>>> print(open('coords_6.cif').read())   # mmCIF, C-alpha atoms
data_work
loop_
_atom_site.group_PDB
_atom_site.id
_atom_site.type_symbol
_atom_site.label_atom_id
_atom_site.label_comp_id
_atom_site.auth_asym_id
_atom_site.auth_seq_id
_atom_site.Cartn_x
_atom_site.Cartn_y
_atom_site.Cartn_z
ATOM 1 C CA MET Q 1 84.287 106.519 106.055
ATOM 2 C CA LYS Q 2 84.562 109.262 103.434
ATOM 3 C CA THR Q 3 85.471 108.856 99.756
ATOM 4 C CA VAL Q 4 87.614 111.471 98.013
ATOM 5 C CA LYS Q 5 88.800 111.793 94.419
ATOM 6 C CA VAL Q 6 92.580 111.842 94.169
ATOM 7 C CA GLN Q 7 92.580 115.294 92.529
ATOM 8 C CA ASP Q 8 90.707 116.721 95.530
ATOM 9 C CA ALA Q 9 92.955 114.787 97.912
ATOM 10 C CA LEU Q 10 96.060 116.356 96.363
ATOM 11 C CA LYS Q 11 94.535 119.801 96.803
ATOM 12 C CA GLN Q 12 93.850 119.095 100.472
ATOM 13 C CA LEU Q 13 97.479 118.065 101.017
ATOM 14 C CA ARG Q 14 98.632 121.476 99.821
ATOM 15 C CA SER Q 15 97.511 122.851 103.182
ATOM 16 C CA GLY Q 16 100.438 120.987 104.713
ATOM 17 C CA LYS Q 17 98.270 118.728 106.869
ATOM 18 C CA LEU Q 18 97.135 115.140 106.520
ATOM 19 C CA PHE Q 19 93.351 114.858 106.233
ATOM 20 C CA PHE Q 20 93.203 111.174 107.182
ATOM 21 C CA ARG Q 21 94.518 108.677 109.698
ATOM 22 C CA ARG Q 22 93.706 105.318 108.111
ATOM 23 C CA LEU Q 23 93.518 105.380 104.342
ATOM 24 C CA LEU Q 24 92.889 103.101 101.362
ATOM 25 C CA ILE Q 25 93.771 104.420 97.899
ATOM 26 C CA TYR Q 26 93.129 102.619 94.615
ATOM 27 C CA GLY Q 27 92.373 103.313 90.974
ATOM 28 C CA GLU Q 28 93.599 103.065 87.398
ATOM 29 C CA GLU Q 29 95.544 106.329 87.341
ATOM 30 C CA SER Q 30 98.727 105.059 89.006
ATOM 31 C CA TYR Q 31 100.601 108.275 88.209
ATOM 32 C CA LEU Q 32 98.261 110.299 90.438
ATOM 33 C CA THR Q 33 98.510 107.643 93.147
ATOM 34 C CA GLU Q 34 102.300 107.960 93.036
ATOM 35 C CA GLN Q 35 102.050 111.750 93.228
ATOM 36 C CA PHE Q 36 99.730 111.404 96.220
ATOM 37 C CA LEU Q 37 102.233 109.172 98.049
ATOM 38 C CA LYS Q 38 105.089 111.506 97.140
ATOM 39 C CA ARG Q 39 103.207 114.478 98.593
ATOM 40 C CA ILE Q 40 102.461 112.588 101.816
ATOM 41 C CA SER Q 41 106.129 111.616 102.188
ATOM 42 C CA GLU Q 42 107.021 115.323 102.002
ATOM 43 C CA LEU Q 43 104.764 115.975 105.008
ATOM 44 C CA LYS Q 44 105.557 112.898 107.081
ATOM 45 C CA SER Q 45 107.870 109.900 106.817
ATOM 46 C CA ILE Q 46 106.370 106.656 105.587
ATOM 47 C CA GLU Q 47 107.710 103.099 105.736
ATOM 48 C CA LYS Q 48 106.841 101.091 102.626
ATOM 49 C CA PHE Q 49 106.124 97.390 102.335
ATOM 50 C CA TYR Q 50 104.843 95.421 99.339
ATOM 51 C CA ALA Q 51 102.010 92.924 99.615
ATOM 52 C CA ASP Q 52 103.605 90.617 97.037
ATOM 53 C CA GLU Q 53 107.216 90.823 98.256
ATOM 54 C CA ASN Q 54 108.397 89.397 101.606
ATOM 55 C CA PHE Q 55 105.087 90.336 103.166
ATOM 56 C CA ASP Q 56 105.935 88.745 106.521
ATOM 57 C CA GLU Q 57 108.276 91.678 107.137
ATOM 58 C CA VAL Q 58 105.267 93.950 107.635
ATOM 59 C CA PHE Q 59 104.600 92.249 110.959
ATOM 60 C CA ASN Q 60 107.947 93.584 112.204
ATOM 61 C CA PHE Q 61 106.746 97.155 111.775
ATOM 62 C CA THR Q 62 107.154 99.010 115.082
ATOM 63 C CA GLY Q 63 106.043 102.516 114.156
ATOM 64 C CA THR Q 64 109.261 104.066 115.428
ATOM 65 C CA SER Q 65 112.572 105.025 113.848
ATOM 66 C CA LEU Q 66 116.134 105.830 114.871
ATOM 67 C CA PHE Q 67 115.381 109.514 114.391
ATOM 68 C CA GLY Q 68 112.555 109.585 116.905
ATOM 69 C CA SER Q 69 109.718 110.213 114.448
ATOM 70 C CA SER Q 70 106.812 107.826 113.921
ATOM 71 C CA PRO Q 71 106.533 106.805 110.261
ATOM 72 C CA ILE Q 72 103.233 105.814 108.698
ATOM 73 C CA LEU Q 73 102.931 102.210 107.596
ATOM 74 C CA ALA Q 74 102.309 102.109 103.824
ATOM 75 C CA ILE Q 75 101.522 98.812 102.114
ATOM 76 C CA LEU Q 76 101.604 98.826 98.303
ATOM 77 C CA ASN Q 77 100.052 96.364 95.834
ATOM 78 C CA VAL Q 78 97.241 95.533 98.251
ATOM 79 C CA GLU Q 79 95.187 94.244 95.310
ATOM 80 C CA LYS Q 80 97.156 91.010 95.858
ATOM 81 C CA LEU Q 81 96.364 90.630 99.558
ATOM 82 C CA ASN Q 82 93.759 87.914 98.973
ATOM 83 C CA GLU Q 83 96.383 85.872 97.135
ATOM 84 C CA VAL Q 84 99.023 86.419 99.815
ATOM 85 C CA LEU Q 85 96.802 85.955 102.889
ATOM 86 C CA ARG Q 86 95.090 82.686 102.006
ATOM 87 C CA LYS Q 87 94.741 81.278 105.504
ATOM 88 C CA LYS Q 88 92.160 82.651 107.912
ATOM 89 C CA ALA Q 89 94.814 82.968 110.629
ATOM 90 C CA ASP Q 90 97.003 85.112 108.360
ATOM 91 C CA LYS Q 91 94.091 87.431 107.541
ATOM 92 C CA GLU Q 92 93.210 87.784 111.218
ATOM 93 C CA ARG Q 93 96.831 88.543 112.080
ATOM 94 C CA PHE Q 94 96.967 91.249 109.420
ATOM 95 C CA LEU Q 95 93.687 92.847 110.481
ATOM 96 C CA LYS Q 96 94.876 92.813 114.082
ATOM 97 C CA LEU Q 97 98.005 94.711 113.032
ATOM 98 C CA LEU Q 98 95.952 97.360 111.230
ATOM 99 C CA SER Q 99 93.621 97.675 114.222
ATOM 100 C CA SER Q 100 96.590 98.412 116.471
ATOM 101 C CA LEU Q 101 97.814 101.340 114.350
ATOM 102 C CA ASP Q 102 96.646 104.925 114.608
ATOM 103 C CA GLU Q 103 97.747 105.603 111.021
ATOM 104 C CA PHE Q 104 98.290 103.514 107.902
ATOM 105 C CA ILE Q 105 98.052 103.740 104.110
ATOM 106 C CA LEU Q 106 96.958 100.847 101.904
ATOM 107 C CA VAL Q 107 97.756 101.346 98.229
ATOM 108 C CA SER Q 108 96.561 99.633 95.058
ATOM 109 C CA MET Q 109 98.022 100.881 91.774
ATOM 110 C CA GLU Q 110 94.983 99.546 89.936
ATOM 111 C CA GLU Q 111 91.206 99.480 90.200
ATOM 112 C CA LEU Q 112 89.643 97.330 92.915
ATOM 113 C CA ASP Q 113 86.500 95.899 91.413
ATOM 114 C CA TYR Q 114 83.215 95.333 93.217
ATOM 115 C CA ARG Q 115 83.888 91.665 93.902
ATOM 116 C CA LYS Q 116 87.265 92.335 95.487
ATOM 117 C CA LEU Q 117 85.931 95.170 97.636
ATOM 118 C CA LYS Q 118 83.114 92.876 98.823
ATOM 119 C CA SER Q 119 85.487 90.022 99.678
ATOM 120 C CA GLU Q 120 85.755 89.103 103.336
ATOM 121 C CA LEU Q 121 89.221 90.633 103.764
ATOM 122 C CA PHE Q 122 88.493 93.943 102.047
ATOM 123 C CA SER Q 123 85.140 94.258 103.773
ATOM 124 C CA GLU Q 124 86.984 94.149 107.096
ATOM 125 C CA ILE Q 125 89.653 96.544 105.845
ATOM 126 C CA GLN Q 126 86.998 99.085 104.870
ATOM 127 C CA LYS Q 127 85.622 98.955 108.409
ATOM 128 C CA LEU Q 128 89.056 100.033 109.684
ATOM 129 C CA VAL Q 129 89.772 102.913 107.283
ATOM 130 C CA ASP Q 130 88.380 106.398 107.713
ATOM 131 C CA THR Q 131 89.132 107.605 104.175
ATOM 132 C CA VAL Q 132 89.091 106.082 100.689
ATOM 133 C CA VAL Q 133 90.856 107.928 97.871
ATOM 134 C CA VAL Q 134 89.961 106.919 94.318
ATOM 135 C CA SER Q 135 92.448 107.534 91.486
ATOM 136 C CA GLU Q 136 90.114 107.700 88.548
ATOM 137 C CA ARG Q 137 91.384 108.395 85.059
ATOM 138 C CA TYR Q 138 90.654 111.857 83.746
ATOM 139 C CA SER Q 139 87.962 112.072 81.099
ATOM 140 C CA GLU Q 140 89.185 112.786 77.581
ATOM 141 C CA LYS Q 141 87.716 116.280 77.875
ATOM 142 C CA ALA Q 142 89.678 116.895 81.072
ATOM 143 C CA ILE Q 143 92.855 115.558 79.435
ATOM 144 C CA TYR Q 144 92.512 118.069 76.595
ATOM 145 C CA SER Q 145 91.990 120.852 79.132
ATOM 146 C CA LEU Q 146 95.067 119.815 81.165
ATOM 147 C CA ILE Q 147 97.333 119.726 78.123
ATOM 148 C CA LYS Q 148 96.124 123.104 76.870
ATOM 149 C CA LYS Q 149 96.622 124.624 80.314
ATOM 150 C CA LYS Q 150 100.162 123.253 80.439
ATOM 151 C CA PHE Q 151 101.022 124.719 77.038
ATOM 152 C CA ASP Q 152 99.390 128.055 77.884
ATOM 153 C CA SER Q 153 101.397 128.262 81.125
ATOM 154 C CA ALA Q 154 104.589 127.678 79.153
ATOM 155 C CA GLY Q 155 103.625 130.350 76.615
ATOM 156 C CA LYS Q 156 103.516 127.774 73.838
ATOM 157 C CA LYS Q 157 100.799 128.052 71.190
ATOM 158 C CA ILE Q 158 98.798 124.885 70.528
ATOM 159 C CA THR Q 159 95.904 124.312 68.151
ATOM 160 C CA PRO Q 160 92.935 121.959 68.624
ATOM 161 C CA GLU Q 161 94.363 119.854 65.789
ATOM 162 C CA ILE Q 162 97.683 119.409 67.623
ATOM 163 C CA LEU Q 163 95.904 118.677 70.902
ATOM 164 C CA LYS Q 164 93.927 115.896 69.254
ATOM 165 C CA LEU Q 165 97.052 114.495 67.590
ATOM 166 C CA ILE Q 166 98.939 114.357 70.911
ATOM 167 C CA VAL Q 167 96.166 112.456 72.684
ATOM 168 C CA GLU Q 168 95.626 110.068 69.778
ATOM 169 C CA THR Q 169 99.363 109.365 69.550
ATOM 170 C CA VAL Q 170 100.376 109.207 73.212
ATOM 171 C CA GLY Q 171 97.131 108.041 74.834
ATOM 172 C CA THR Q 172 95.581 109.270 78.077
ATOM 173 C CA ASP Q 173 98.132 107.966 80.591
ATOM 174 C CA LEU Q 174 99.286 111.007 82.570
ATOM 175 C CA ARG Q 175 102.865 109.812 82.985
ATOM 176 C CA GLU Q 176 103.303 109.343 79.244
ATOM 177 C CA LEU Q 177 101.579 112.659 78.520
ATOM 178 C CA ARG Q 178 103.821 114.508 80.958
ATOM 179 C CA ASN Q 179 106.994 113.143 79.368
ATOM 180 C CA GLU Q 180 105.906 113.724 75.788
ATOM 181 C CA THR Q 181 104.409 117.198 76.303
ATOM 182 C CA ASP Q 182 107.630 118.280 78.077
ATOM 183 C CA LYS Q 183 109.461 117.347 74.877
ATOM 184 C CA LEU Q 184 107.020 119.294 72.721
ATOM 185 C CA ILE Q 185 107.117 122.409 74.906
ATOM 186 C CA LEU Q 186 110.925 122.553 74.663
ATOM 187 C CA TYR Q 187 110.793 122.587 70.848
ATOM 188 C CA PRO Q 188 111.843 126.122 69.812
ATOM 189 C CA GLY Q 189 109.684 126.456 66.701
ATOM 190 C CA ASP Q 190 105.991 126.267 65.912
ATOM 191 C CA LEU Q 191 104.323 122.898 66.356
ATOM 192 C CA THR Q 192 102.854 121.483 63.185
ATOM 193 C CA PRO Q 193 101.359 117.982 62.802
ATOM 194 C CA GLU Q 194 104.517 116.880 60.977
ATOM 195 C CA THR Q 195 106.778 118.287 63.710
ATOM 196 C CA VAL Q 196 104.744 116.644 66.475
ATOM 197 C CA LYS Q 197 104.884 113.244 64.785
ATOM 198 C CA LEU Q 198 108.634 113.607 64.265
ATOM 199 C CA LEU Q 199 109.274 114.587 67.906
ATOM 200 C CA LEU Q 200 107.078 111.876 69.390
ATOM 201 C CA PHE Q 201 108.623 109.120 67.300
ATOM 202 C CA SER Q 202 112.151 110.513 66.917
ATOM 203 C CA SER Q 203 113.652 107.894 69.247
ATOM 204 C CA GLY Q 204 111.773 104.953 67.784
ATOM 205 C CA LYS Q 205 109.082 105.422 70.409
ATOM 206 C CA VAL Q 206 106.670 102.564 70.857
ATOM 207 C CA ASN Q 207 103.496 103.179 72.818
ATOM 208 C CA ILE Q 208 103.839 100.793 75.755
ATOM 209 C CA PHE Q 209 100.054 100.481 75.921
ATOM 210 C CA GLU Q 210 100.005 98.938 72.441
ATOM 211 C CA LEU Q 211 102.279 96.002 73.363
ATOM 212 C CA ILE Q 212 99.297 93.957 74.555
ATOM 213 C CA PHE Q 213 97.836 93.711 71.044
ATOM 214 C CA PRO Q 214 100.587 91.758 69.218
ATOM 215 C CA LEU Q 215 100.812 89.533 72.300
ATOM 216 C CA LEU Q 216 97.136 88.600 72.141
ATOM 217 C CA ASP Q 217 97.173 88.451 68.341
ATOM 218 C CA GLY Q 218 99.960 85.876 68.547
ATOM 219 C CA ASP Q 219 102.208 88.057 66.360
ATOM 220 C CA LYS Q 220 105.530 86.977 67.877
ATOM 221 C CA ARG Q 221 107.725 89.014 65.551
ATOM 222 C CA LYS Q 222 105.861 92.277 66.105
ATOM 223 C CA PHE Q 223 105.705 91.699 69.873
ATOM 224 C CA LEU Q 224 109.457 91.102 70.097
ATOM 225 C CA GLU Q 225 110.272 94.092 67.873
ATOM 226 C CA GLN Q 226 108.149 96.452 69.967
ATOM 227 C CA LEU Q 227 109.467 94.920 73.189
ATOM 228 C CA GLU Q 228 113.107 95.438 72.166
ATOM 229 C CA THR Q 229 112.363 99.080 71.360
ATOM 230 C CA LEU Q 230 110.776 99.591 74.773
ATOM 231 C CA LEU Q 231 113.652 97.887 76.598
ATOM 232 C CA SER Q 232 116.336 99.780 74.674
ATOM 233 C CA SER Q 233 114.633 103.082 75.531
ATOM 234 C CA GLY Q 234 114.776 102.323 79.254
ATOM 235 C CA GLY Q 235 111.565 100.390 79.843
ATOM 236 C CA GLU Q 236 111.611 98.549 83.185
ATOM 237 C CA PRO Q 237 110.721 94.846 82.679
ATOM 238 C CA LEU Q 238 108.636 94.364 85.844
ATOM 239 C CA SER Q 239 106.679 97.522 85.103
ATOM 240 C CA ILE Q 240 105.961 96.240 81.586
ATOM 241 C CA ILE Q 241 104.835 92.875 82.974
ATOM 242 C CA GLY Q 242 102.637 94.672 85.503
ATOM 243 C CA LEU Q 243 101.001 96.771 82.788
ATOM 244 C CA LEU Q 244 100.328 93.681 80.643
ATOM 245 C CA GLN Q 245 98.715 92.017 83.683
ATOM 246 C CA THR Q 246 96.479 95.036 84.272
ATOM 247 C CA GLN Q 247 95.420 95.165 80.629
ATOM 248 C CA LEU Q 248 94.694 91.435 80.543
ATOM 249 C CA ARG Q 249 92.555 91.707 83.676
ATOM 250 C CA GLN Q 250 90.594 94.440 81.905
ATOM 251 C CA VAL Q 251 90.033 92.190 78.886
ATOM 252 C CA VAL Q 252 89.006 89.316 81.177
ATOM 253 C CA SER Q 253 86.560 91.626 82.979
ATOM 254 C CA LEU Q 254 85.027 92.590 79.645
ATOM 255 C CA ALA Q 255 84.725 88.907 78.736
ATOM 256 C CA GLY Q 256 82.851 88.390 82.003
ATOM 257 C CA GLY Q 257 80.369 91.146 81.196
ATOM 258 C CA LEU Q 258 81.748 93.638 83.703
ATOM 259 C CA GLN Q 259 81.967 97.361 83.000
ATOM 260 C CA VAL Q 260 85.499 98.621 82.365
ATOM 261 C CA ARG Q 261 86.223 102.352 82.320
ATOM 262 C CA LEU Q 262 88.574 102.979 79.393
ATOM 263 C CA PRO Q 263 88.720 105.301 76.352
ATOM 264 C CA ARG Q 264 86.287 104.255 73.641
ATOM 265 C CA ASP Q 265 88.987 103.346 71.118
ATOM 266 C CA VAL Q 266 90.722 101.062 73.611
ATOM 267 C CA LEU Q 267 87.454 99.327 74.495
ATOM 268 C CA GLN Q 268 86.819 98.712 70.810
ATOM 269 C CA LYS Q 269 90.271 97.134 70.383
ATOM 270 C CA TYR Q 270 89.670 94.915 73.413
ATOM 271 C CA ARG Q 271 86.316 93.783 72.006
ATOM 272 C CA VAL Q 272 88.052 92.789 68.764
ATOM 273 C CA ILE Q 273 90.415 90.640 70.840
ATOM 274 C CA LEU Q 274 87.465 88.918 72.496
ATOM 275 C CA GLN Q 275 86.310 87.756 69.080
ATOM 276 C CA LYS Q 276 89.631 85.948 68.619
ATOM 277 C CA ARG Q 277 90.434 84.702 72.129
ATOM 278 C CA SER Q 278 88.472 82.521 74.518
ATOM 279 C CA LEU Q 279 88.278 83.350 78.207
ATOM 280 C CA GLN Q 280 90.332 80.220 78.949
ATOM 281 C CA GLU Q 281 93.126 81.406 76.633
ATOM 282 C CA LEU Q 282 93.162 84.854 78.223
ATOM 283 C CA LEU Q 283 93.360 83.378 81.722
ATOM 284 C CA PHE Q 284 96.231 81.125 80.649
ATOM 285 C CA ILE Q 285 98.225 84.101 79.346
ATOM 286 C CA LEU Q 286 97.479 86.018 82.565
ATOM 287 C CA LYS Q 287 98.680 83.009 84.599
ATOM 288 C CA THR Q 288 101.868 82.929 82.516
ATOM 289 C CA LEU Q 289 102.493 86.619 83.225
ATOM 290 C CA HIS Q 290 102.128 86.017 86.964
ATOM 291 C CA GLU Q 291 104.524 83.059 86.818
ATOM 292 C CA LYS Q 292 107.104 85.102 84.918
ATOM 293 C CA GLU Q 293 106.771 87.969 87.397
ATOM 294 C CA PHE Q 294 107.482 85.706 90.355
ATOM 295 C CA ALA Q 295 110.368 84.021 88.498
ATOM 296 C CA VAL Q 296 111.996 87.432 88.009
ATOM 297 C CA LYS Q 297 111.468 88.409 91.650
ATOM 298 C CA ARG Q 298 112.990 85.087 92.789
ATOM 299 C CA GLY Q 299 116.035 85.735 90.628
ATOM 300 C CA GLU Q 300 115.450 82.693 88.421
ATOM 301 C CA VAL Q 301 115.441 84.686 85.177
ATOM 302 C CA SER Q 302 116.126 88.247 84.060
ATOM 303 C CA GLY Q 303 113.186 90.548 83.435
ATOM 304 C CA GLU Q 304 114.158 90.949 79.791
ATOM 305 C CA ASP Q 305 114.298 87.191 79.156
ATOM 306 C CA ALA Q 306 111.022 86.657 81.026
ATOM 307 C CA LEU Q 307 109.282 89.157 78.755
ATOM 308 C CA ARG Q 308 110.768 87.685 75.594
ATOM 309 C CA SER Q 309 109.618 84.192 76.560
ATOM 310 C CA ILE Q 310 106.000 85.162 77.260
ATOM 311 C CA VAL Q 311 105.029 85.224 73.607
ATOM 312 C CA PHE Q 312 106.167 81.612 73.133
ATOM 313 C CA TYR Q 313 103.663 80.401 75.727
ATOM 314 C CA ASN Q 314 100.884 82.090 73.782
#
>>> encode(input="coords_6.cif", output="structure tokens")
Amino acid sequence: MKTVKVQDALKQLRSGKLFFRRLLIYGEESYLTEQFLKRISELKSIEKFYADENFDEVFNFTGTSLFGSSPILAILNVEKLNEVLRKKADKERFLKLLSSLDEFILVSMEELDYRKLKSELFSEIQKLVDTVVVSERYSEKAIYSLIKKKFDSAGKKITPEILKLIVETVGTDLRELRNETDKLILYPGDLTPETVKLLLFSSGKVNIFELIFPLLDGDKRKFLEQLETLLSSGGEPLSIIGLLQTQLRQVVSLAGGLQVRLPRDVLQKYRVILQKRSLQELLFILKTLHEKEFAVKRGEVSGEDALRSIVFYN
């Protein structure tokens, strides 16, 4: 089994050939994971299933299609497999399916920690895969280099001061950086700090990654105000819930003494939270987020109402 960084994996796909047969991909940089899947789908058809949605349907996968090609089985959200496959018989059935396939892709849009990778199910999965791709976040230094390269390619002048302002304002998420730098590159004049601030916040932009803080601070008014801004600007409720879950798991990991790879300023904010919140409180909020997610998926409540109600369980 070989391990490859997602950036190197994307480069290998440019050759037009798949470099794996049975693959597991995971990591915090979900944008790069999505780009990896998109590139694979351009080379060969894939059939997607979700570990946390009607998972029994995966056992109906035949590996054939009406058009004669053989799609690759791709299972997303595999970080939830241990929750879905609780019975030993279910785990054995799933592993038997994977063993019968020449090709498959298992996808986690978040980090799989040491304990999960060493669990019985994932230990067996790793015996079946030939390649692991890790979607690690870029370092801050690499982020600065990427942004500068993008501006240089577009023929747009950018100063170190503006670079720093963009990263401090938008954060290091590649999806957010792509959207916001596209906006800045299209601006016809010179970019000054005042212009950048105006462009980034011209539509009442709220940094989605900051929503976790009023939630954990118990500031209901601020949480609801920021939430309404995100929803009115096109934020997808289940994606917001998923991000809050990921962030809470990071805080819980910190509370448990585990190492979490995040920018220094974010880690400092999380540590401030840990001075205010007990582990039991954090786990209760995480449980509430999971319950709201499943309620939305079962059609019991709208995503918007589920998000608005979360703060009242806090």
>>> residues_around(input="coords_6.cif", residues="stretch 305-312 of chain Q", least_positions_apart="2", cutoff="12 Å", atoms="only C-alpha atoms", output="number ranges by chain")
Q: 211-228, 230-231, 235-245, 284-297, 299-303, 314
>>> atom_distance(input="coords_6.cif", atom1="atom CA of Q:Asn77", atom2="atom CA of Q:Ser278")
27.9 Å
>>> atom_distance(input="coords_6.cif", atom1="atom CA of Q:Thr131", atom2="atom CA of Q:Glu92")
21.4 Å
>>> resolve_selection(input="coords_6.cif", expression="the PyMOL selection byres ((chain Q and resi 269) around 12)", output="list in words")
Phe209, Glu210, Ile212, Phe213, Pro214, Leu216, Asp217, Gln247, Gln250, Val251, Leu254, Leu262, Pro263, Arg264, Asp265, Val266, Leu267, Gln268, Tyr270, Arg271, Val272, Ile273, Leu274, Gln275 and Lys276 of chain Q
>>> residues_around(input="coords_6.cif", residues="Q:Leu174", least_positions_apart="3", cutoff="8 Å", atoms="only C-alpha atoms", output="list in words")
Glu29, Tyr31, Leu32, Leu177 and Arg178 of chain Q
>>> closest_residue(input="coords_6.cif", among="Q:Thr181, Q:Leu121, Q:Ile105, Q:Ser100", to="Q:Lys149", atoms="all atoms listed in the file")
Q:Thr181
>>> resolve_selection(input="coords_6.cif", expression="the PyMOL selection byres ((chain Q and resi 135) around 7)", output="number ranges by chain")
Q: 5-6, 26-29, 32-33, 133-134, 136-137
>>> write_last_selection(input="coords_6.cif", atoms="C-alpha atoms", output="CSV table (one decimal), keeping the file's coordinate frame")
chain,number,residue,atom,x,y,z
Q,5,LYS,CA,88.8,111.8,94.4
Q,6,VAL,CA,92.6,111.8,94.2
Q,26,TYR,CA,93.1,102.6,94.6
Q,27,GLY,CA,92.4,103.3,91.0
Q,28,GLU,CA,93.6,103.1,87.4
Q,29,GLU,CA,95.5,106.3,87.3
Q,32,LEU,CA,98.3,110.3,90.4
Q,33,THR,CA,98.5,107.6,93.1
Q,133,VAL,CA,90.9,107.9,97.9
Q,134,VAL,CA,90.0,106.9,94.3
Q,136,GLU,CA,90.1,107.7,88.5
Q,137,ARG,CA,91.4,108.4,85.1
>>> resolve_selection(input="coords_6.cif", expression="the PyMOL selection byres ((chain Q and resi 58-63) around 8)", output="number ranges by chain")
Q: 49, 55-57, 64-65, 70-73, 94, 97
>>> closest_residue(input="coords_6.cif", among="Q:Thr195, Q:Pro160, Q:Lys148, Q:Arg115", to="Q:Leu258", atoms="all atoms listed in the file")
Q:Arg115
>>> atom_distance(input="coords_6.cif", atom1="atom CA of Q:Ile25", atom2="atom CA of Q:Leu282")
27.8 Å
